Amino acid sequence: MDIRTKALTKSIWVFHLAGASCNNCDIEIIDALTPKFDLERFGILLVGSIRHADVILVTGAISHKAAVRLKRLYEQAPKPCLIIAIGCCACSMCIFRDSYNMAGPVDRLIPVHAYVLGCPPRPEAVIMGVVKLVKALRKG
């Protein structure tokens with residue numbers, strides 16, 4: 001394991017990208033950051049700039065306009081940058097599957113490293129998704 005990957009498993013900075021969603025997943029992510037669940041005690045910190053992010057949390061179905069922004073943000077993120085698709089819309093597009101203005105689920109546009117299912121997923125599921133990603137990184 002190289003030094004960058006080892007450092008990534010100690011303190012993960014996440015950037016939240018909301019696609020065309022109903023915002024339920026966004027609320028659950030914010031709930032995971034509140035004192036009740038307190039993700040910061042695990043070193044997981046929400047950052048406001050993609051240039052500081054180690055992980056991108058993507059919620060919602062991705063429209064054609066949002067797909068351009070998603071790809072641009074992924075290119076701007078420092079590498080290695082991990083992607084977590086959160087919620088049914090980001091993972092499989094759920095009810096937006098046959099919509100004409102949707103570009104597709106996140107994994108059709110950029111590589112996804114972890115999926116957190118649910119509509120909306122509970123904060124515990126978001127935490128579990130990040131923890132499983134860290135464990136997978138530590139194993140190599």
# chains A, B, ... in the order shown; residues from 1 in each chain; ligands from 1
$ closest_atom_pairs --of "range 33-74 of chain A" --to "range 125-135 of chain A" --cutoff "12 Å" --atoms "only C-alpha atoms" --output "tab-separated table"
residue	atom	partner	partner_atom	distance
A:Leu33	CA	A:Ile127	CA	9.7
A:Phe37	CA	A:Ile127	CA	8.7
A:Asp38	CA	A:Ile127	CA	9.8
A:Leu39	CA	A:Ile127	CA	7.4
A:Glu40	CA	A:Ile127	CA	10.9
A:Arg41	CA	A:Ile127	CA	11.7
A:Phe42	CA	A:Val131	CA	9.3
A:Gly43	CA	A:Val131	CA	11.1
A:Ile44	CA	A:Val130	CA	8.9
A:Leu45	CA	A:Val130	CA	11.8
A:Asp54	CA	A:Val134	CA	11.4
A:Val55	CA	A:Val130	CA	9.2
A:Ile56	CA	A:Val130	CA	10.8
A:Leu57	CA	A:Val126	CA	9.6
A:Val58	CA	A:Val126	CA	11.5
A:Thr59	CA	A:Val126	CA	11.4
$ residues_around --residues "Ala7 in chain A" --least-positions-apart "4" --cutoff "12 Å" --atoms "only C-alpha atoms" --output "JSON, numbers by chain"
{"A": [1, 2, 3, 11, 12, 13, 43, 54, 80, 134, 137, 138]}
$ closest_residue --among "A:Ala61, A:Ala53, A:Pro111, A:Glu124" --to "Lys79 in chain A" --atoms "only C-alpha atoms"
A:Ala53
$ atom_distance --atom1 "CA of Ile30 in chain A" --atom2 "CA of Gly118 in chain A"
15.7 Å
$ closest_residue --among "A:Ala18, A:Ile50, A:Ile62, A:Ala32" --to "Tyr100 in chain A" --atoms "only C-alpha atoms"
A:Ile62
$ atom_distance --atom1 "CA of Tyr115 in chain A" --atom2 "CA of Ile83 in chain A"
8.8 Å
$ select_by_dssp --residues "range 11-112 of chain A" --states "strand (DSSP E)" --output "MDAnalysis selection string"
chainID A and resid 13:18 45:46 55:59 62:63 82:86 102:104
